[in-house]
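**Q** Can you keep this structure in mind? I'll have questions shortly.
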Amino acid sequence: MPKKLSRAQIDAYRTRGYLCPIPGIGGDEAARLRACLETFEAGRGATLGQMPGAMRAKTHLLFTWMAGLVRHAAILDAVEDLIGPDILLFHLTCWLKEPGDGAVVPWHQDATYFALEPFEHVTAWVGLTDSTVENGCVHVLPGTHDAGQQTHVQDTVENNLLSRGQSLPEDYDTANAVALTMAAGEFSLHHTHLIHRSEPNRTAERRIGIGISYVPARVRHLGPRRLSASLVRGEDRFGHFESEPRPARDLDPAMLARHADYMDRFFHIDSAPTAA
Ligand SMILES: O=C(O)CCC(=O)C(=O)O
């Protein structure tokens, strides 16, 4: 018996490779989490401002409020319906798009960045603001996950938010694309092979989404380094990853050191899979 999704939604995910929008943490909780993020940013002062780049990844290790979000039942129940009860958080990215910053995300598949197998990783993208076509929401190409891993090239697009810049060379027909619009507090789910991108924020407000990459505990990383992951539900009977602790307080020096270590391991992944 599924915990949150209907059988029709589960079938739709298998066929189209995504679901959106899904009721999630709610607008009030999204506003609270946004305020946590922006209080931290304000504390850095006007010149430093925004969340620094290195803290936008694996942010669940640095802040208790982010550690709570990634374990929220409204998200995990849906993820469990797709990948089962033993769930690891493999990676997290804060996708911040400021008004006028021109930031884009070119066409890509998440699997390119992760070198995991089997290809069961699912990304939950949680809106802390509304996500609209105007403010640069994610667009997906339905069904493209079925074709497996595609060859990416090193991208030269300016203002590319992708960490390693690998993207798909093809200019896909956007007539087939679906805009994943949602209200703050809702979320989407997409498959690791689903082709997607996002355009610049053309509004006067920032757009904030938290991309949370979940895998079943049976999934392995293919590279030579031992990577880390957080057990967020169930049991890890495989031990394929070093277990990340949950932060007890914000910006704990011990967790900052662990974060730096785990980030270093993650950003040295160099073995993108070539074929599914
Ligand atoms: O938030 C965005 O604009 C892009 C998100 C994305 O590419 C992802 O979650 O995989």
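Labels for the structure tokens follow display order: chains A, B, ..., residues from 1 in each chain, ligands from 1.
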Write down as an MDAnalysis selection string the residues of range 72-220 of chain A whose backbone DSSP state falls under helix (DSSP H, G or I).
**A** chainID A and resid 73:83 110:113 144:147 174:176
**Q** Could the residues in this selection be written to a file with C-alpha atoms, as a compact mmCIF listing (two decimals), in the first residue's frame?
**A**
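Generated file (again_29.txt):
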```txt
# COMPACT_ATOMS: atom_id res chain seq x y z
CA ALA A 73 7.51 12.90 6.10
CA ALA A 74 5.58 14.71 3.37
CA ILE A 75 8.58 14.25 1.08
CA LEU A 76 9.90 10.90 2.30
CA ASP A 77 6.51 9.19 2.08
CA ALA A 78 6.38 9.97 -1.66
CA VAL A 79 10.02 8.99 -2.18
CA GLU A 80 9.41 5.70 -0.34
CA ASP A 81 6.53 4.93 -2.70
CA LEU A 82 9.03 5.07 -5.57
CA ILE A 83 12.23 3.56 -4.16
CA ASP A 110 21.35 14.14 -12.98
CA ALA A 111 22.94 10.67 -13.29
CA THR A 112 25.83 12.26 -15.22
CA TYR A 113 26.97 13.90 -12.01
CA THR A 144 13.30 10.82 -21.82
CA HIS A 145 14.44 8.84 -18.75
CA ASP A 146 13.62 5.64 -20.67
CA ALA A 147 16.48 6.15 -23.16
CA THR A 174 10.89 22.79 -26.27
CA ALA A 175 7.40 22.13 -27.65
CA ASN A 176 7.69 18.80 -25.84
```
**Q** May I ask you to write as a ChimeraX atom specification all residues lying at most 7 Å from ligand 1, with only C-alpha atoms and all ligand atoms counted?
**A** /A:95,104-105,110,123,125,136-138,196-198,209,211
**Q** Rounded to one decimal place, report the CA of Leu69 in chain A-CA of Leu256 in chain A distance in Å.
**A**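 Separation of CA of Leu69 in chain A and CA of Leu256 in chain A: 18.8 Å.
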**Q** Have a look at A:Val122, A:Leu162, A:Leu116, A:Ile87 and name the one nearest to Ala103 in chain A; count only C-alpha atoms.
**A**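 Counting only C-alpha atoms, the residue closest to Ala103 in chain A is A:Leu162.
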**Q** Nearest residue to Glu186 in chain A out of A:Ser131, A:Thr47, A:Ser213, A:Thr64, using only C-alpha atoms?
**A** A:Ser131
**Q** Env of Pro21 in chain A: 8 Å cut, atoms = only C-alpha atoms, seq-sep filter 3 positions within chain, self excluded. Answer as a VMD selection string.
**A** chain A and resid 180 to 182 186 to 188
**Q** Go ahead and save the picked residues with N, CA, C and O atoms, as a PDB file, in the first residue's frame.
**A**
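As written to disk, selection_13.pdb reads:
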```pdb
ATOM      1  N   LEU A 180       7.669  22.731 -14.730  1.00  0.00           N
ATOM      2  CA  LEU A 180       7.302  22.231 -13.394  1.00  0.00           C
ATOM      3  C   LEU A 180       6.996  23.421 -12.474  1.00  0.00           C
ATOM      4  O   LEU A 180       7.797  23.791 -11.620  1.00  0.00           O
ATOM      5  N   THR A 181       5.830  24.006 -12.707  1.00  0.00           N
ATOM      6  CA  THR A 181       5.432  25.134 -11.860  1.00  0.00           C
ATOM      7  C   THR A 181       4.839  24.596 -10.565  1.00  0.00           C
ATOM      8  O   THR A 181       4.203  23.535 -10.550  1.00  0.00           O
ATOM      9  N   MET A 182       5.064  25.340  -9.490  1.00  0.00           N
ATOM     10  CA  MET A 182       4.523  24.909  -8.188  1.00  0.00           C
ATOM     11  C   MET A 182       4.472  26.098  -7.240  1.00  0.00           C
ATOM     12  O   MET A 182       5.172  27.100  -7.443  1.00  0.00           O
ATOM     13  N   GLU A 186       5.301  23.167  -2.176  1.00  0.00           N
ATOM     14  CA  GLU A 186       5.056  21.958  -2.979  1.00  0.00           C
ATOM     15  C   GLU A 186       6.399  21.419  -3.478  1.00  0.00           C
ATOM     16  O   GLU A 186       7.439  22.068  -3.331  1.00  0.00           O
ATOM     17  N   PHE A 187       6.383  20.240  -4.082  1.00  0.00           N
ATOM     18  CA  PHE A 187       7.622  19.699  -4.630  1.00  0.00           C
ATOM     19  C   PHE A 187       7.340  18.864  -5.878  1.00  0.00           C
ATOM     20  O   PHE A 187       6.194  18.521  -6.169  1.00  0.00           O
ATOM     21  N   SER A 188       8.424  18.587  -6.602  1.00  0.00           N
ATOM     22  CA  SER A 188       8.350  17.686  -7.752  1.00  0.00           C
ATOM     23  C   SER A 188       9.304  16.533  -7.494  1.00  0.00           C
ATOM     24  O   SER A 188      10.178  16.607  -6.626  1.00  0.00           O
TER      25      SER A 188
END
```
**Q** Within 12 Å of Glu158 in chain A, counting only C-alpha atoms, which residues qualify if same-chain residues fewer than 2 places away don't, as an mmCIF file with N, CA and C atoms, in the first residue's frame?
**A**
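Listing of result-v8.cif after writing:
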```cif
data_model
loop_
_atom_site.group_PDB
_atom_site.id
_atom_site.type_symbol
_atom_site.label_atom_id
_atom_site.label_comp_id
_atom_site.auth_asym_id
_atom_site.auth_seq_id
_atom_site.Cartn_x
_atom_site.Cartn_y
_atom_site.Cartn_z
ATOM 1 N N ASP A 101 20.141 37.812 -12.351
ATOM 2 C CA ASP A 101 21.501 37.239 -12.327
ATOM 3 C C ASP A 101 21.792 36.384 -13.569
ATOM 4 N N GLY A 102 20.759 36.126 -14.367
ATOM 5 C CA GLY A 102 20.974 35.402 -15.630
ATOM 6 C C GLY A 102 21.310 33.928 -15.453
ATOM 7 N N ALA A 103 21.212 33.419 -14.243
ATOM 8 C CA ALA A 103 21.613 32.025 -13.992
ATOM 9 C C ALA A 103 20.692 31.056 -14.736
ATOM 10 N N VAL A 104 21.308 30.062 -15.372
ATOM 11 C CA VAL A 104 20.557 29.044 -16.120
ATOM 12 C C VAL A 104 21.100 27.659 -15.780
ATOM 13 N N VAL A 105 20.308 26.680 -16.124
ATOM 14 C CA VAL A 105 20.752 25.282 -16.006
ATOM 15 C C VAL A 105 20.476 24.637 -17.358
ATOM 16 N N PRO A 106 21.516 24.286 -18.129
ATOM 17 C CA PRO A 106 21.293 23.690 -19.457
ATOM 18 C C PRO A 106 20.725 22.266 -19.367
ATOM 19 N N ASP A 155 30.252 22.100 -20.922
ATOM 20 C CA ASP A 155 29.468 23.220 -21.420
ATOM 21 C C ASP A 155 30.204 24.546 -21.265
ATOM 22 N N THR A 156 29.903 25.477 -22.185
ATOM 23 C CA THR A 156 30.538 26.800 -22.078
ATOM 24 C C THR A 156 29.491 27.893 -21.837
ATOM 25 N N ASN A 160 26.105 29.250 -15.821
ATOM 26 C CA ASN A 160 25.607 27.883 -15.674
ATOM 27 C C ASN A 160 25.685 27.479 -14.199
ATOM 28 N N LEU A 161 24.553 27.118 -13.620
ATOM 29 C CA LEU A 161 24.554 26.743 -12.198
ATOM 30 C C LEU A 161 25.044 25.318 -11.968
ATOM 31 N N LEU A 162 25.179 24.526 -13.030
ATOM 32 C CA LEU A 162 25.615 23.139 -12.845
ATOM 33 C C LEU A 162 27.063 23.111 -12.355
ATOM 34 N N GLY A 165 29.355 21.669 -15.048
ATOM 35 C CA GLY A 165 29.096 22.213 -16.382
ATOM 36 C C GLY A 165 28.836 21.181 -17.470
ATOM 37 N N GLU A 199 15.554 28.110 -17.150
ATOM 38 C CA GLU A 199 15.935 29.378 -17.786
ATOM 39 C C GLU A 199 16.123 30.464 -16.726
ATOM 40 N N PRO A 200 16.545 31.666 -17.141
ATOM 41 C CA PRO A 200 16.805 32.717 -16.139
ATOM 42 C C PRO A 200 15.543 33.190 -15.416
#
```
**Q** Closest to Pro118 in chain A among A:Pro99, A:Pro216, A:Pro169, A:Gly27, using only C-alpha atoms?
**A** A:Pro216
**Q** Give me the residues near Ser167 in chain A as JSON, numbers by chain, where near means some atom within 6 Å (using only C-alpha atoms) and where sequence neighbours in that chain fewer than 2 positions away do not count.
**A** {"A": [107, 108, 152, 153, 155]}
**Q** List as a list in words the protein and nucleic acid residues near Asp250 in chain A, meaning an atom at most 8 Å away when only C-alpha atoms are counted, but skip any in the same chain fewer than 2 places from it.
**A**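 Near Asp250 in chain A, the qualifying residues are Leu62, Phe63, Thr64, Pro247, Ala248 and Asp252 of chain A.
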**Q** Could you save those same residues with all heavy atoms as a PDB file, in the first residue's frame?
**A**
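Okay, this is what ended up in part_14.pdb:
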```
ATOM      1  N   LEU A  62      24.998  21.308   7.511  1.00  0.00           N
ATOM      2  CA  LEU A  62      25.409  22.571   8.143  1.00  0.00           C
ATOM      3  C   LEU A  62      24.325  23.217   8.987  1.00  0.00           C
ATOM      4  O   LEU A  62      24.629  23.948   9.927  1.00  0.00           O
ATOM      5  CB  LEU A  62      25.839  23.566   7.054  1.00  0.00           C
ATOM      6  CG  LEU A  62      26.969  23.094   6.144  1.00  0.00           C
ATOM      7  CD1 LEU A  62      27.244  24.123   5.058  1.00  0.00           C
ATOM      8  CD2 LEU A  62      28.222  22.842   6.977  1.00  0.00           C
ATOM      9  N   PHE A  63      23.071  22.979   8.636  1.00  0.00           N
ATOM     10  CA  PHE A  63      21.968  23.684   9.299  1.00  0.00           C
ATOM     11  C   PHE A  63      20.905  22.680   9.762  1.00  0.00           C
ATOM     12  O   PHE A  63      20.488  21.826   8.980  1.00  0.00           O
ATOM     13  CB  PHE A  63      21.313  24.681   8.336  1.00  0.00           C
ATOM     14  CG  PHE A  63      22.225  25.793   7.909  1.00  0.00           C
ATOM     15  CD1 PHE A  63      22.848  25.766   6.667  1.00  0.00           C
ATOM     16  CD2 PHE A  63      22.476  26.874   8.757  1.00  0.00           C
ATOM     17  CE1 PHE A  63      23.690  26.794   6.266  1.00  0.00           C
ATOM     18  CE2 PHE A  63      23.320  27.906   8.365  1.00  0.00           C
ATOM     19  CZ  PHE A  63      23.930  27.869   7.123  1.00  0.00           C
ATOM     20  N   THR A  64      20.463  22.858  11.004  1.00  0.00           N
ATOM     21  CA  THR A  64      19.455  21.933  11.547  1.00  0.00           C
ATOM     22  C   THR A  64      18.134  22.035  10.778  1.00  0.00           C
ATOM     23  O   THR A  64      17.434  21.037  10.606  1.00  0.00           O
ATOM     24  CB  THR A  64      19.208  22.236  13.034  1.00  0.00           C
ATOM     25  OG1 THR A  64      18.914  23.633  13.160  1.00  0.00           O
ATOM     26  CG2 THR A  64      20.425  21.915  13.897  1.00  0.00           C
ATOM     27  N   PRO A 247      23.387  17.220  11.947  1.00  0.00           N
ATOM     28  CA  PRO A 247      23.908  18.317  12.777  1.00  0.00           C
ATOM     29  C   PRO A 247      23.022  18.575  13.992  1.00  0.00           C
ATOM     30  O   PRO A 247      21.802  18.582  13.880  1.00  0.00           O
ATOM     31  CB  PRO A 247      23.885  19.522  11.829  1.00  0.00           C
ATOM     32  CG  PRO A 247      22.859  19.194  10.803  1.00  0.00           C
ATOM     33  CD  PRO A 247      22.874  17.696  10.649  1.00  0.00           C
ATOM     34  N   ALA A 248      23.649  18.786  15.160  1.00  0.00           N
ATOM     35  CA  ALA A 248      22.893  19.071  16.384  1.00  0.00           C
ATOM     36  C   ALA A 248      22.677  20.575  16.533  1.00  0.00           C
ATOM     37  O   ALA A 248      21.781  21.017  17.253  1.00  0.00           O
ATOM     38  CB  ALA A 248      23.653  18.536  17.594  1.00  0.00           C
ATOM     39  N   ASP A 252      28.094  24.015  13.267  1.00  0.00           N
ATOM     40  CA  ASP A 252      28.971  23.349  14.234  1.00  0.00           C
ATOM     41  C   ASP A 252      30.347  23.147  13.575  1.00  0.00           C
ATOM     42  O   ASP A 252      30.427  22.620  12.458  1.00  0.00           O
ATOM     43  CB  ASP A 252      28.314  21.996  14.552  1.00  0.00           C
ATOM     44  CG  ASP A 252      29.096  21.201  15.565  1.00  0.00           C
ATOM     45  OD1 ASP A 252      30.315  21.399  15.653  1.00  0.00           O
ATOM     46  OD2 ASP A 252      28.468  20.378  16.249  1.00  0.00           O
TER      47      ASP A 252
END
```
**Q** As a PyMOL selection string, list the residues of range 30-219 of chain A assigned to strand (DSSP E or B) by DSSP on the backbone atoms of this structure.
**A** chain A and resi 57+87-97+104-108+116-117+122-127+131+138-140+153-154+160+166-167+178-179+182+186-191+196-198+207-216
**Q** Within 7 Å of range 28-42 of chain A, which residues of range 94-213 of chain A come that close, and what is the closest atom pair and distance in Å for each? Count only C-alpha atoms and give it as a tab-separated table.
**A**
```
residue	atom	partner	partner_atom	distance
A:Leu128	CA	A:Ala30	CA	4.7
A:Ala184	CA	A:Ala30	CA	6.0
A:Gly185	CA	A:Ala30	CA	5.0
```
**Q** Using only C-alpha atoms, which protein or nucleic acid residues come within 12 Å of Ser243 in chain A? Drop anything in the same chain fewer than 2 positions from it, and give the result as number ranges by chain.
**A** A: 61, 88-90, 217, 226-232, 235-241, 245-246, 258, 262
